[in-house]
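Peer 1: Below is protein.pdb; it holds PDB, C-alpha atoms and all ligand atoms.
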```pdb
ATOM      1  CA  MET A   1       8.720 -25.778   5.915
ATOM      2  CA  ARG A   2      10.307 -23.592   8.502
ATOM      3  CA  PHE A   3       8.586 -20.495   9.889
ATOM      4  CA  ALA A   4      10.639 -19.382  12.864
ATOM      5  CA  LEU A   5      11.427 -16.266  14.832
ATOM      6  CA  THR A   6      14.818 -15.650  16.445
ATOM      7  CA  ILE A   7      15.043 -12.745  18.862
ATOM      8  CA  LEU A   8      18.345 -10.857  18.622
ATOM      9  CA  GLY A   9      17.483  -8.071  21.049
ATOM     10  CA  VAL A  10      14.576  -7.897  23.463
ATOM     11  CA  ASN A  11      15.220  -4.776  25.503
ATOM     12  CA  ALA A  12      13.723  -1.300  25.448
ATOM     13  CA  ALA A  13      15.750   1.873  25.139
ATOM     14  CA  THR A  14      19.187   0.794  26.368
ATOM     15  CA  PRO A  15      21.189  -2.410  26.663
ATOM     16  CA  ALA A  16      20.924  -3.818  30.200
ATOM     17  CA  PHE A  17      21.664  -7.067  32.038
ATOM     18  CA  GLY A  18      23.170  -8.571  28.883
ATOM     19  CA  ARG A  19      20.044  -7.772  26.879
ATOM     20  CA  PHE A  20      20.251  -5.825  23.614
ATOM     21  CA  PRO A  21      17.793  -3.320  22.079
ATOM     22  CA  THR A  22      15.080  -4.558  19.736
ATOM     23  CA  SER A  23      15.871  -6.723  16.739
ATOM     24  CA  GLN A  24      14.532  -9.998  15.369
ATOM     25  CA  VAL A  25      14.928 -12.291  12.388
ATOM     26  CA  LEU A  26      11.962 -14.129  10.940
ATOM     27  CA  GLN A  27      12.840 -17.146   8.817
ATOM     28  CA  VAL A  28      10.191 -18.198   6.306
ATOM     29  CA  HIS A  29      11.395 -21.289   4.463
ATOM     30  CA  ASN A  30      14.810 -20.166   3.130
ATOM     31  CA  GLN A  31      14.171 -16.419   3.430
ATOM     32  CA  PHE A  32      15.368 -14.259   6.307
ATOM     33  CA  PHE A  33      13.536 -11.048   7.200
ATOM     34  CA  LEU A  34      15.096  -8.577   9.623
ATOM     35  CA  ILE A  35      12.616  -6.811  11.891
ATOM     36  CA  ASP A  36      14.014  -3.701  13.584
ATOM     37  CA  CYS A  37      17.734  -3.314  14.020
ATOM     38  CA  GLY A  38      18.763  -2.013  17.422
ATOM     39  CA  GLU A  39      22.367  -1.463  18.433
ATOM     40  CA  GLY A  40      24.406  -4.678  18.350
ATOM     41  CA  ALA A  41      22.038  -6.559  16.050
ATOM     42  CA  GLN A  42      24.794  -7.787  13.751
ATOM     43  CA  MET A  43      26.842  -9.006  16.711
ATOM     44  CA  ARG A  44      23.812 -10.984  17.838
ATOM     45  CA  MET A  45      23.467 -12.431  14.329
ATOM     46  CA  GLY A  46      26.973 -13.812  14.759
ATOM     47  CA  ASP A  47      26.174 -15.153  18.227
ATOM     48  CA  PHE A  48      23.062 -16.954  16.983
ATOM     49  CA  ASN A  49      24.336 -18.142  13.565
ATOM     50  CA  ILE A  50      21.981 -16.043  11.476
ATOM     51  CA  PRO A  51      23.126 -16.011   7.812
ATOM     52  CA  ARG A  52      22.997 -12.235   7.523
ATOM     53  CA  HIS A  53      23.938 -12.254   3.817
ATOM     54  CA  LYS A  54      20.560 -13.885   3.166
ATOM     55  CA  ILE A  55      18.646 -10.873   4.471
ATOM     56  CA  ARG A  56      16.976  -9.126   1.531
ATOM     57  CA  GLN A  57      14.254  -7.166   3.364
ATOM     58  CA  VAL A  58      14.350  -5.098   6.541
ATOM     59  CA  PHE A  59      11.197  -3.929   8.314
ATOM     60  CA  ILE A  60      11.598  -1.019  10.736
ATOM     61  CA  SER A  61       8.795  -0.145  13.168
ATOM     62  CA  HIS A  62       9.840   3.438  13.930
ATOM     63  CA  LEU A  63      12.845   5.692  14.169
ATOM     64  CA  HIS A  64      13.598   5.603  17.902
ATOM     65  CA  GLY A  65      17.264   4.719  18.313
ATOM     66  CA  ASP A  66      16.680   1.404  20.084
ATOM     67  CA  HIS A  67      15.109   0.133  16.846
ATOM     68  CA  VAL A  68      17.491   1.514  14.200
ATOM     69  CA  PHE A  69      20.948   2.291  15.602
ATOM     70  CA  GLY A  70      22.218  -1.119  14.505
ATOM     71  CA  LEU A  71      21.474  -0.414  10.852
ATOM     72  CA  PRO A  72      24.494   1.710   9.804
ATOM     73  CA  GLY A  73      26.933  -0.918  11.097
ATOM     74  CA  LEU A  74      25.093  -3.746   9.408
ATOM     75  CA  LEU A  75      24.804  -1.898   6.093
ATOM     76  CA  PHE A  76      28.508  -1.048   6.235
ATOM     77  CA  SER A  77      29.391  -4.708   6.899
ATOM     78  CA  PHE A  78      27.341  -5.791   3.906
ATOM     79  CA  ASP A  79      29.483  -3.443   1.809
ATOM     80  CA  LEU A  80      32.739  -4.762   3.269
ATOM     81  CA  ASN A  81      31.593  -8.273   2.402
ATOM     82  CA  GLY A  82      31.102  -7.172  -1.213
ATOM     83  CA  ARG A  83      27.364  -7.620  -1.178
ATOM     84  CA  GLN A  84      25.708  -7.042  -4.534
ATOM     85  CA  ASP A  85      22.124  -8.095  -3.840
ATOM     86  CA  PRO A  86      19.773  -5.146  -3.399
ATOM     87  CA  LEU A  87      18.408  -4.518   0.076
ATOM     88  CA  ASP A  88      14.835  -3.310   0.621
ATOM     89  CA  ILE A  89      14.219  -1.311   3.782
ATOM     90  CA  PHE A  90      10.634  -0.547   4.817
ATOM     91  CA  SER A  91      10.040   2.103   7.457
ATOM     92  CA  PRO A  92       8.099   5.199   8.451
ATOM     93  CA  PRO A  93       9.406   8.345   6.696
ATOM     94  CA  GLY A  94      12.798   9.783   7.596
ATOM     95  CA  LEU A  95      15.009   6.714   7.761
ATOM     96  CA  GLN A  96      16.745   7.240   4.433
ATOM     97  CA  GLU A  97      18.017  10.672   5.425
ATOM     98  CA  MET A  98      19.104   9.387   8.831
ATOM     99  CA  ILE A  99      21.032   6.397   7.496
ATOM    100  CA  LEU A 100      22.583   7.922   4.387
ATOM    101  CA  ALA A 101      23.979  10.810   6.435
ATOM    102  CA  GLN A 102      26.094   8.218   8.243
ATOM    103  CA  LEU A 103      27.072   6.101   5.250
ATOM    104  CA  ARG A 104      27.711   8.785   2.628
ATOM    105  CA  PRO A 105      31.114   9.979   3.927
ATOM    106  CA  GLY A 106      32.424   6.420   3.456
ATOM    107  CA  GLY A 107      31.796   6.493  -0.305
ATOM    108  CA  THR A 108      29.367   4.448  -2.354
ATOM    109  CA  LEU A 109      28.164   1.015  -1.292
ATOM    110  CA  SER A 110      28.745  -2.165  -3.270
ATOM    111  CA  TYR A 111      24.985  -2.824  -3.415
ATOM    112  CA  PRO A 112      21.813  -0.786  -3.877
ATOM    113  CA  ILE A 113      19.537   0.080  -0.939
ATOM    114  CA  ARG A 114      15.906   0.709  -1.807
ATOM    115  CA  PHE A 115      14.104   2.692   0.861
ATOM    116  CA  HIS A 116      10.327   2.265   1.022
ATOM    117  CA  GLU A 117       8.494   4.855   3.119
ATOM    118  CA  ILE A 118       5.332   3.584   4.754
ATOM    119  CA  ASP A 119       2.278   5.704   5.412
ATOM    120  CA  THR A 120       1.792   5.115   9.122
ATOM    121  CA  THR A 121      -1.828   6.265   9.200
ATOM    122  CA  PHE A 122      -3.544   3.233   7.664
ATOM    123  CA  PRO A 123      -2.923  -0.507   7.117
ATOM    124  CA  THR A 124      -0.909  -1.221   3.969
ATOM    125  CA  LEU A 125       0.330  -4.280   2.137
ATOM    126  CA  VAL A 126       3.999  -3.328   2.005
ATOM    127  CA  PHE A 127       5.592  -6.491   0.614
ATOM    128  CA  GLU A 128       4.716  -9.817  -0.930
ATOM    129  CA  ASN A 129       6.420 -12.629  -2.741
ATOM    130  CA  LYS A 130       5.458 -16.213  -3.585
ATOM    131  CA  ALA A 131       5.533 -17.349   0.029
ATOM    132  CA  ILE A 132       4.268 -14.475   2.194
ATOM    133  CA  THR A 133       2.590 -11.110   2.507
ATOM    134  CA  VAL A 134       3.677  -8.399   4.921
ATOM    135  CA  GLU A 135       1.153  -5.824   6.074
ATOM    136  CA  SER A 136       1.912  -2.730   8.130
ATOM    137  CA  ILE A 137      -0.602  -1.462  10.671
ATOM    138  CA  PRO A 138      -0.599   1.860  12.536
ATOM    139  CA  LEU A 139       0.463   1.755  16.188
ATOM    140  CA  LYS A 140       0.059   4.407  18.883
ATOM    141  CA  HIS A 141       3.450   5.632  20.097
ATOM    142  CA  GLY A 142       5.238   8.963  20.566
ATOM    143  CA  ILE A 143       6.346   9.136  16.904
ATOM    144  CA  PRO A 144       4.935   7.524  13.719
ATOM    145  CA  THR A 145       5.130   3.772  14.287
ATOM    146  CA  VAL A 146       3.875   0.658  12.539
ATOM    147  CA  GLY A 147       3.532  -2.998  13.412
ATOM    148  CA  TYR A 148       4.049  -5.739  10.834
ATOM    149  CA  ILE A 149       2.032  -8.857  10.149
ATOM    150  CA  PHE A 150       3.684 -11.665   8.195
ATOM    151  CA  ARG A 151       1.304 -14.217   6.670
ATOM    152  CA  GLU A 152       1.981 -17.321   4.662
ATOM    153  CA  LYS A 153       0.139 -17.381   1.367
ATOM    154  CA  PRO A 154      -2.354 -20.190   0.707
ATOM    155  CA  ARG A 155      -0.714 -23.282  -0.713
ATOM    156  CA  PRO A 156      -2.165 -25.922  -3.059
ATOM    157  CA  LEU A 157      -3.372 -29.302  -1.790
ATOM    158  CA  ASN A 158      -0.730 -31.996  -1.305
ATOM    159  CA  ILE A 159      -0.822 -34.935  -3.675
ATOM    160  CA  ARG A 160      -0.571 -38.486  -2.285
ATOM    161  CA  SER A 161       2.572 -39.797  -3.966
ATOM    162  CA  GLU A 162       1.362 -43.402  -3.983
ATOM    163  CA  LYS A 163      -1.670 -42.333  -6.040
ATOM    164  CA  ILE A 164       0.534 -40.892  -8.783
ATOM    165  CA  ALA A 165       2.013 -44.333  -9.435
ATOM    166  CA  GLU A 166      -1.255 -46.207  -8.862
ATOM    167  CA  HIS A 167      -3.173 -44.192 -11.475
ATOM    168  CA  GLN A 168      -0.191 -43.244 -13.687
ATOM    169  CA  LEU A 169      -1.130 -39.572 -13.289
ATOM    170  CA  SER A 170       0.259 -37.099 -15.816
ATOM    171  CA  VAL A 171       1.681 -33.695 -14.856
ATOM    172  CA  PRO A 172      -1.521 -31.833 -15.917
ATOM    173  CA  GLN A 173      -3.604 -34.315 -13.895
ATOM    174  CA  ILE A 174      -1.400 -33.769 -10.825
ATOM    175  CA  LYS A 175      -1.746 -30.004 -11.241
ATOM    176  CA  ALA A 176      -5.527 -30.340 -11.501
ATOM    177  CA  ALA A 177      -5.686 -32.509  -8.375
ATOM    178  CA  LYS A 178      -3.531 -30.026  -6.423
ATOM    179  CA  ALA A 179      -5.956 -27.289  -7.481
ATOM    180  CA  GLY A 180      -8.826 -29.278  -5.969
ATOM    181  CA  GLU A 181     -10.287 -30.882  -9.090
ATOM    182  CA  ASP A 182     -11.410 -34.489  -9.576
ATOM    183  CA  VAL A 183      -9.356 -36.370 -12.160
ATOM    184  CA  LEU A 184     -10.742 -38.281 -15.151
ATOM    185  CA  LEU A 185      -8.444 -41.194 -16.061
ATOM    186  CA  LEU A 186      -7.876 -42.380 -19.641
ATOM    187  CA  ASN A 187      -9.982 -45.491 -18.921
ATOM    188  CA  GLY A 188     -12.948 -43.252 -18.111
ATOM    189  CA  GLU A 189     -12.744 -43.722 -14.340
ATOM    190  CA  LEU A 190     -13.319 -40.554 -12.307
ATOM    191  CA  ILE A 191     -11.164 -40.286  -9.192
ATOM    192  CA  GLU A 192     -12.505 -37.939  -6.551
ATOM    193  CA  ASN A 193     -10.098 -35.285  -5.377
ATOM    194  CA  GLN A 194     -10.257 -36.419  -1.743
ATOM    195  CA  ALA A 195      -8.785 -39.774  -2.737
ATOM    196  CA  LEU A 196      -5.776 -38.118  -4.350
ATOM    197  CA  THR A 197      -4.859 -35.292  -1.992
ATOM    198  CA  PHE A 198      -4.516 -34.200   1.600
ATOM    199  CA  PRO A 199      -4.783 -30.651   2.955
ATOM    200  CA  PRO A 200      -1.768 -28.340   3.202
ATOM    201  CA  THR A 201      -0.525 -27.506   6.687
ATOM    202  CA  PRO A 202      -2.501 -24.618   8.245
ATOM    203  CA  LEU A 203      -1.257 -21.189   7.236
ATOM    204  CA  ARG A 204       0.990 -19.559   9.780
ATOM    205  CA  SER A 205       1.247 -15.894  10.669
ATOM    206  CA  TYR A 206       3.295 -13.639  12.899
ATOM    207  CA  ALA A 207       2.460 -10.170  14.209
ATOM    208  CA  PHE A 208       5.154  -7.829  15.543
ATOM    209  CA  LEU A 209       3.621  -4.987  17.561
ATOM    210  CA  THR A 210       6.066  -2.707  19.372
ATOM    211  CA  ASP A 211       6.382   0.110  20.498
ATOM    212  CA  THR A 212       2.795   0.936  21.301
ATOM    213  CA  VAL A 213       0.125   1.562  23.851
ATOM    214  CA  CYS A 214      -2.156  -1.430  24.021
ATOM    215  CA  ASP A 215      -4.839  -0.575  21.523
ATOM    216  CA  GLU A 216      -7.882  -2.666  20.627
ATOM    217  CA  ALA A 217      -7.999  -0.984  17.219
ATOM    218  CA  VAL A 218      -5.452  -3.584  16.093
ATOM    219  CA  LEU A 219      -7.773  -6.491  16.963
ATOM    220  CA  PRO A 220      -9.272  -7.049  13.495
ATOM    221  CA  HIS A 221      -5.772  -7.224  12.032
ATOM    222  CA  ILE A 222      -4.261  -9.706  14.475
ATOM    223  CA  LEU A 223      -7.318 -11.891  15.021
ATOM    224  CA  GLY A 224      -6.207 -15.528  15.134
ATOM    225  CA  VAL A 225      -2.544 -14.959  14.215
ATOM    226  CA  SER A 226      -0.347 -17.906  15.119
ATOM    227  CA  MET A 227       2.114 -15.834  17.119
ATOM    228  CA  LEU A 228       2.057 -12.292  18.482
ATOM    229  CA  TYR A 229       5.054 -10.374  19.801
ATOM    230  CA  HIS A 230       3.658  -7.442  21.751
ATOM    231  CA  ASP A 231       5.215  -4.540  23.596
ATOM    232  CA  THR A 232       5.477  -5.431  27.293
ATOM    233  CA  THR A 233       7.889  -2.743  28.390
ATOM    234  CA  PHE A 234       6.509  -2.688  31.929
ATOM    235  CA  CYS A 235       4.463  -4.673  34.413
ATOM    236  CA  ASP A 236       1.678  -3.393  36.650
ATOM    237  CA  ASP A 237       4.177  -1.861  39.080
ATOM    238  CA  PHE A 238       5.053   0.801  36.478
ATOM    239  CA  HIS A 239       1.761   1.046  34.631
ATOM    240  CA  GLU A 240       1.808   4.847  34.912
ATOM    241  CA  ASN A 241       5.138   4.842  33.083
ATOM    242  CA  ALA A 242       3.619   2.669  30.375
ATOM    243  CA  ALA A 243       0.880   5.212  29.768
ATOM    244  CA  LEU A 244       3.298   8.140  29.995
ATOM    245  CA  THR A 245       5.801   6.718  27.502
ATOM    246  CA  MET A 246       3.178   5.154  25.222
ATOM    247  CA  HIS A 247       4.108   1.554  25.926
ATOM    248  CA  SER A 248       2.192  -1.450  27.283
ATOM    249  CA  THR A 249       2.236  -3.705  30.314
ATOM    250  CA  ALA A 250       2.366  -7.499  30.332
ATOM    251  CA  ARG A 251      -1.180  -7.596  31.670
ATOM    252  CA  GLN A 252      -2.518  -5.386  28.878
ATOM    253  CA  ALA A 253      -0.763  -7.472  26.207
ATOM    254  CA  ALA A 254      -2.166 -10.691  27.678
ATOM    255  CA  VAL A 255      -5.703  -9.290  27.636
ATOM    256  CA  LEU A 256      -5.250  -8.256  24.012
ATOM    257  CA  ALA A 257      -3.812 -11.674  23.046
ATOM    258  CA  ASP A 258      -6.806 -13.349  24.673
ATOM    259  CA  LYS A 259      -9.299 -11.135  22.848
ATOM    260  CA  ALA A 260      -7.482 -11.649  19.544
ATOM    261  CA  LYS A 261      -7.426 -15.440  20.085
ATOM    262  CA  VAL A 262      -3.819 -15.628  18.966
ATOM    263  CA  GLY A 263      -1.950 -18.921  19.139
ATOM    264  CA  ARG A 264       0.873 -17.649  21.306
ATOM    265  CA  LEU A 265       2.000 -14.393  22.905
ATOM    266  CA  ILE A 266       5.670 -13.511  23.201
ATOM    267  CA  THR A 267       6.609 -10.764  25.639
ATOM    268  CA  GLY A 268       9.398  -8.269  24.995
ATOM    269  CA  HIS A 269      10.815  -4.752  24.763
ATOM    270  CA  TYR A 270      11.585  -4.917  28.482
ATOM    271  CA  SER A 271      12.461  -1.802  30.427
ATOM    272  CA  ALA A 272      15.980  -1.681  31.855
ATOM    273  CA  ARG A 273      14.286  -1.359  35.264
ATOM    274  CA  TYR A 274      13.759  -5.132  35.252
ATOM    275  CA  LYS A 275      16.638  -7.516  35.858
ATOM    276  CA  ASP A 276      14.503 -10.562  36.622
ATOM    277  CA  LEU A 277      11.966 -11.084  33.853
ATOM    278  CA  SER A 278       9.866 -13.741  35.579
ATOM    279  CA  ILE A 279       7.422 -11.050  36.715
ATOM    280  CA  PHE A 280       6.303 -10.629  33.083
ATOM    281  CA  LEU A 281       5.136 -14.234  32.971
ATOM    282  CA  GLU A 282       3.608 -14.082  36.448
ATOM    283  CA  GLU A 283       1.449 -11.237  35.264
ATOM    284  CA  SER A 284       0.446 -12.529  31.833
ATOM    285  CA  LEU A 285       0.097 -16.305  32.264
ATOM    286  CA  PRO A 286      -3.073 -16.238  34.420
ATOM    287  CA  ILE A 287      -4.756 -14.120  31.734
ATOM    288  CA  PHE A 288      -3.303 -15.778  28.648
ATOM    289  CA  PRO A 289      -1.788 -19.216  29.360
ATOM    290  CA  ASN A 290      -0.054 -19.457  25.981
ATOM    291  CA  THR A 291       2.380 -16.702  26.884
ATOM    292  CA  VAL A 292       6.084 -17.274  26.370
ATOM    293  CA  LEU A 293       8.831 -15.071  27.749
ATOM    294  CA  GLY A 294      10.660 -13.394  24.874
ATOM    295  CA  GLN A 295      14.375 -14.093  25.216
ATOM    296  CA  GLU A 296      17.403 -13.396  23.046
ATOM    297  CA  GLY A 297      18.931 -16.320  21.208
ATOM    298  CA  VAL A 298      15.760 -18.357  21.462
ATOM    299  CA  THR A 299      14.102 -19.461  18.227
ATOM    300  CA  TYR A 300      10.335 -19.707  18.368
ATOM    301  CA  LEU A 301       8.809 -22.030  15.797
ATOM    302  CA  VAL A 302       5.522 -20.670  14.511
TER     303      VAL A 302
HETATM  304 ZN    ZN B 401      11.682   1.005  21.751
HETATM  305 ZN    ZN B 402       9.848   3.768  20.624
END
```
Rewrite the structure from the file as structure tokens, please.
Ligand SMILES: [Zn+2]
Ligand SMILES: [Zn+2]

Peer 2:
Amino acid sequence: MRFALTILGVNAATPAFGRFPTSQVLQVHNQFFLIDCGEGAQMRMGDFNIPRHKIRQVFISHLHGDHVFGLPGLLFSFDLNGRQDPLDIFSPPGLQEMILAQLRPGGTLSYPIRFHEIDTTFPTLVFENKAITVESIPLKHGIPTVGYIFREKPRPLNIRSEKIAEHQLSVPQIKAAKAGEDVLLLNGELIENQALTFPPTPLRSYAFLTDTVCDEAVLPHILGVSMLYHDTTFCDDFHENAALTMHSTARQAAVLADKAKVGRLITGHYSARYKDLSIFLEESLPIFPNTVLGQEGVTYLV
């Protein structure tokens, strides 16, 4: 089953060199989760064939414009398309007021928006369904900001299809085997669970941490995640700016990824000072070899 991240916008603050402000879509099986919504996000959805009508949940990290100014346009387009499905928007406090002030003069929308304000001071389970959980964690930035961690929920064991026919297994017996039990056949033979099943694929997870200073307080939360997208607004050459603006450098993110033993680090939220992004990899790869340059239009399979 698919667990994939598509980056729509990978820049900090302003559009530059063809790069857009922050926005991403995480696909988990047949669900599409929008993470931040910088200016131009819906145009990027068109460019990269994202089925925007399938977005039911939006997760906003904080209220700086480069993370939310794409929302009014997207919400308006949903209305023009006659959307009826409710939309859940999770964010630090203040977003509802900000967005509704722009939408209200245009009349009522064709669909309900449910705003969920997140307490940014402690980790919270903000959303879950059958497939995943989404947890928010506090980040350190100039205004209240959270990161999000998406985790697949544990799945039952897989049943070996040939064994169903071989032992004429009933539906309750299949359910029991998937739950890890041995199965007693009608003829009295006990079949051990291992002979009937094989393990599910390892659970995948994705952590989105921007904008933030690099902070080891997040380590327990991101330990061992499959993929981490971390603020790398600057490189060493502007490390003072990183501290001043409460962002991180590629080196700092790589050190954190190494300590957290994540599967893969994706860089992003690049300052408009950088045209050539290769410096981000040059700085992070020697520290954390599983670093990938975050780029728009690229889909990263988790
Ligand atoms: Zn930003
Ligand atoms: Zn910010």

Peer 1: Neighbouring residues of ligand ZN 401 (chain B) are defined here as those with any atom at most 6 Å from a ligand atom, counting all atoms listed in the file; list them as a list in words.

Peer 2: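 What falls inside 6 Å of ligand ZN 401 (chain B) is Ala12, Ala13, Asp66 and Asp211 of chain A.
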
Peer 1: Please provide as JSON, numbers by chain all residues within 10 Å of A:Glu181, with the sequence filter that same-chain residues fewer than 2 positions apart are discarded (counting only C-alpha atoms).

Peer 2: {"A": [173, 174, 175, 176, 177, 178, 179, 183, 184, 191, 192, 193, 194, 196, 197]}

Peer 1: Per residue of chain A within 9 Å of ligand ZN 402 (chain B), what are the shortest atom pair and its distance in Å to one decimal, counting only C-alpha atoms and all ligand atoms, with rows by chain and residue number, as CSV?

Peer 2:
```
residue,atom,partner,partner_atom,distance
A:Ala12,CA,B:ZN402,ZN,8.0
A:Ala13,CA,B:ZN402,ZN,7.7
A:Ser61,CA,B:ZN402,ZN,8.5
A:His62,CA,B:ZN402,ZN,6.7
A:Leu63,CA,B:ZN402,ZN,7.4
A:His64,CA,B:ZN402,ZN,5.0
A:Gly65,CA,B:ZN402,ZN,7.8
A:Asp66,CA,B:ZN402,ZN,7.2
A:His67,CA,B:ZN402,ZN,7.4
A:His141,CA,B:ZN402,ZN,6.7
A:Gly142,CA,B:ZN402,ZN,6.9
A:Ile143,CA,B:ZN402,ZN,7.4
A:Thr145,CA,B:ZN402,ZN,7.9
A:Thr210,CA,B:ZN402,ZN,7.6
A:Asp211,CA,B:ZN402,ZN,5.0
A:Thr212,CA,B:ZN402,ZN,7.6
A:Thr245,CA,B:ZN402,ZN,8.5
A:Met246,CA,B:ZN402,ZN,8.2
A:His247,CA,B:ZN402,ZN,8.1
```

Peer 1: Kindly save the residues from that selection, with C-alpha atoms included, as an mmCIF file, keeping the file's coordinate frame.

Peer 2:
```cif
data_model
loop_
_atom_site.group_PDB
_atom_site.id
_atom_site.type_symbol
_atom_site.label_atom_id
_atom_site.label_comp_id
_atom_site.auth_asym_id
_atom_site.auth_seq_id
_atom_site.Cartn_x
_atom_site.Cartn_y
_atom_site.Cartn_z
ATOM 1 C CA ALA A 12 13.723 -1.300 25.448
ATOM 2 C CA ALA A 13 15.750 1.873 25.139
ATOM 3 C CA SER A 61 8.795 -0.145 13.168
ATOM 4 C CA HIS A 62 9.840 3.438 13.930
ATOM 5 C CA LEU A 63 12.845 5.692 14.169
ATOM 6 C CA HIS A 64 13.598 5.603 17.902
ATOM 7 C CA GLY A 65 17.264 4.719 18.313
ATOM 8 C CA ASP A 66 16.680 1.404 20.084
ATOM 9 C CA HIS A 67 15.109 0.133 16.846
ATOM 10 C CA HIS A 141 3.450 5.632 20.097
ATOM 11 C CA GLY A 142 5.238 8.963 20.566
ATOM 12 C CA ILE A 143 6.346 9.136 16.904
ATOM 13 C CA THR A 145 5.130 3.772 14.287
ATOM 14 C CA THR A 210 6.066 -2.707 19.372
ATOM 15 C CA ASP A 211 6.382 0.110 20.498
ATOM 16 C CA THR A 212 2.795 0.936 21.301
ATOM 17 C CA THR A 245 5.801 6.718 27.502
ATOM 18 C CA MET A 246 3.178 5.154 25.222
ATOM 19 C CA HIS A 247 4.108 1.554 25.926
#
```

Peer 1: With all atoms listed in the file as the counted atoms, please give the residues lying no more than 12 Å from A:Phe17, apart from itself and same-chain residues fewer than 6 positions off, as an NGL selection string.

Peer 2: :A and (9-11 or 270-277 or 296)

Peer 1: I need the residue set behind the PyMOL selection byres (((chain A and resi 290) around 8) and not hetatm) for this file; please write it as a PyMOL selection string.

Peer 2: chain A and resi 263-265+285+288-289+291-292

Peer 1: From the coordinates supplied, stretch 207-251 of chain A should be written with C-alpha atoms, as a JSON list (two decimals), in the first residue's frame.

Peer 2:
```json
[["chain", "number", "residue", "atom", "x", "y", "z"],
["A", 207, "ALA", "CA", 7.74, 13.41, 10.58],
["A", 208, "PHE", "CA", 7.32, 16.97, 9.28],
["A", 209, "LEU", "CA", 9.36, 19.43, 11.35],
["A", 210, "THR", "CA", 9.48, 23.00, 10.07],
["A", 211, "ASP", "CA", 9.89, 25.89, 10.96],
["A", 212, "THR", "CA", 12.11, 25.38, 13.96],
["A", 213, "VAL", "CA", 15.47, 25.71, 15.58],
["A", 214, "CYS", "CA", 17.12, 22.33, 15.74],
["A", 215, "ASP", "CA", 16.02, 21.02, 19.09],
["A", 216, "GLU", "CA", 16.94, 17.68, 20.66],
["A", 217, "ALA", "CA", 13.75, 17.80, 22.72],
["A", 218, "VAL", "CA", 12.00, 16.28, 19.70],
["A", 219, "LEU", "CA", 14.27, 13.21, 19.70],
["A", 220, "PRO", "CA", 12.00, 10.86, 21.68],
["A", 221, "HIS", "CA", 9.14, 11.64, 19.30],
["A", 222, "ILE", "CA", 10.97, 11.09, 16.02],
["A", 223, "LEU", "CA", 13.18, 8.19, 17.09],
["A", 224, "GLY", "CA", 13.33, 5.66, 14.25],
["A", 225, "VAL", "CA", 10.76, 7.33, 11.97],
["A", 226, "SER", "CA", 11.00, 6.12, 8.39],
["A", 227, "MET", "CA", 11.32, 9.60, 6.92],
["A", 228, "LEU", "CA", 12.00, 13.02, 8.41],
["A", 229, "TYR", "CA", 11.49, 16.35, 6.66],
["A", 230, "HIS", "CA", 13.39, 18.91, 8.69],
["A", 231, "ASP", "CA", 13.85, 22.65, 8.43],
["A", 232, "THR", "CA", 17.11, 23.36, 6.58],
["A", 233, "THR", "CA", 16.56, 27.00, 5.76],
["A", 234, "PHE", "CA", 20.28, 27.75, 5.75],
["A", 235, "CYS", "CA", 23.70, 26.15, 5.52],
["A", 236, "ASP", "CA", 26.73, 26.86, 7.68],
["A", 237, "ASP", "CA", 27.49, 30.06, 5.76],
["A", 238, "PHE", "CA", 24.40, 31.70, 7.31],
["A", 239, "HIS", "CA", 24.25, 29.87, 10.61],
["A", 240, "GLU", "CA", 23.89, 33.16, 12.50],
["A", 241, "ASN", "CA", 20.77, 33.88, 10.46],
["A", 242, "ALA", "CA", 19.42, 30.45, 11.36],
["A", 243, "ALA", "CA", 19.75, 31.21, 15.05],
["A", 244, "LEU", "CA", 18.40, 34.74, 14.63],
["A", 245, "THR", "CA", 15.29, 33.70, 12.70],
["A", 246, "MET", "CA", 14.73, 30.47, 14.66],
["A", 247, "HIS", "CA", 15.47, 28.11, 11.79],
["A", 248, "SER", "CA", 17.99, 25.30, 11.27],
["A", 249, "THR", "CA", 20.97, 24.54, 9.08],
["A", 250, "ALA", "CA", 21.51, 21.44, 6.96],
["A", 251, "ARG", "CA", 24.32, 20.36, 9.27]]
```
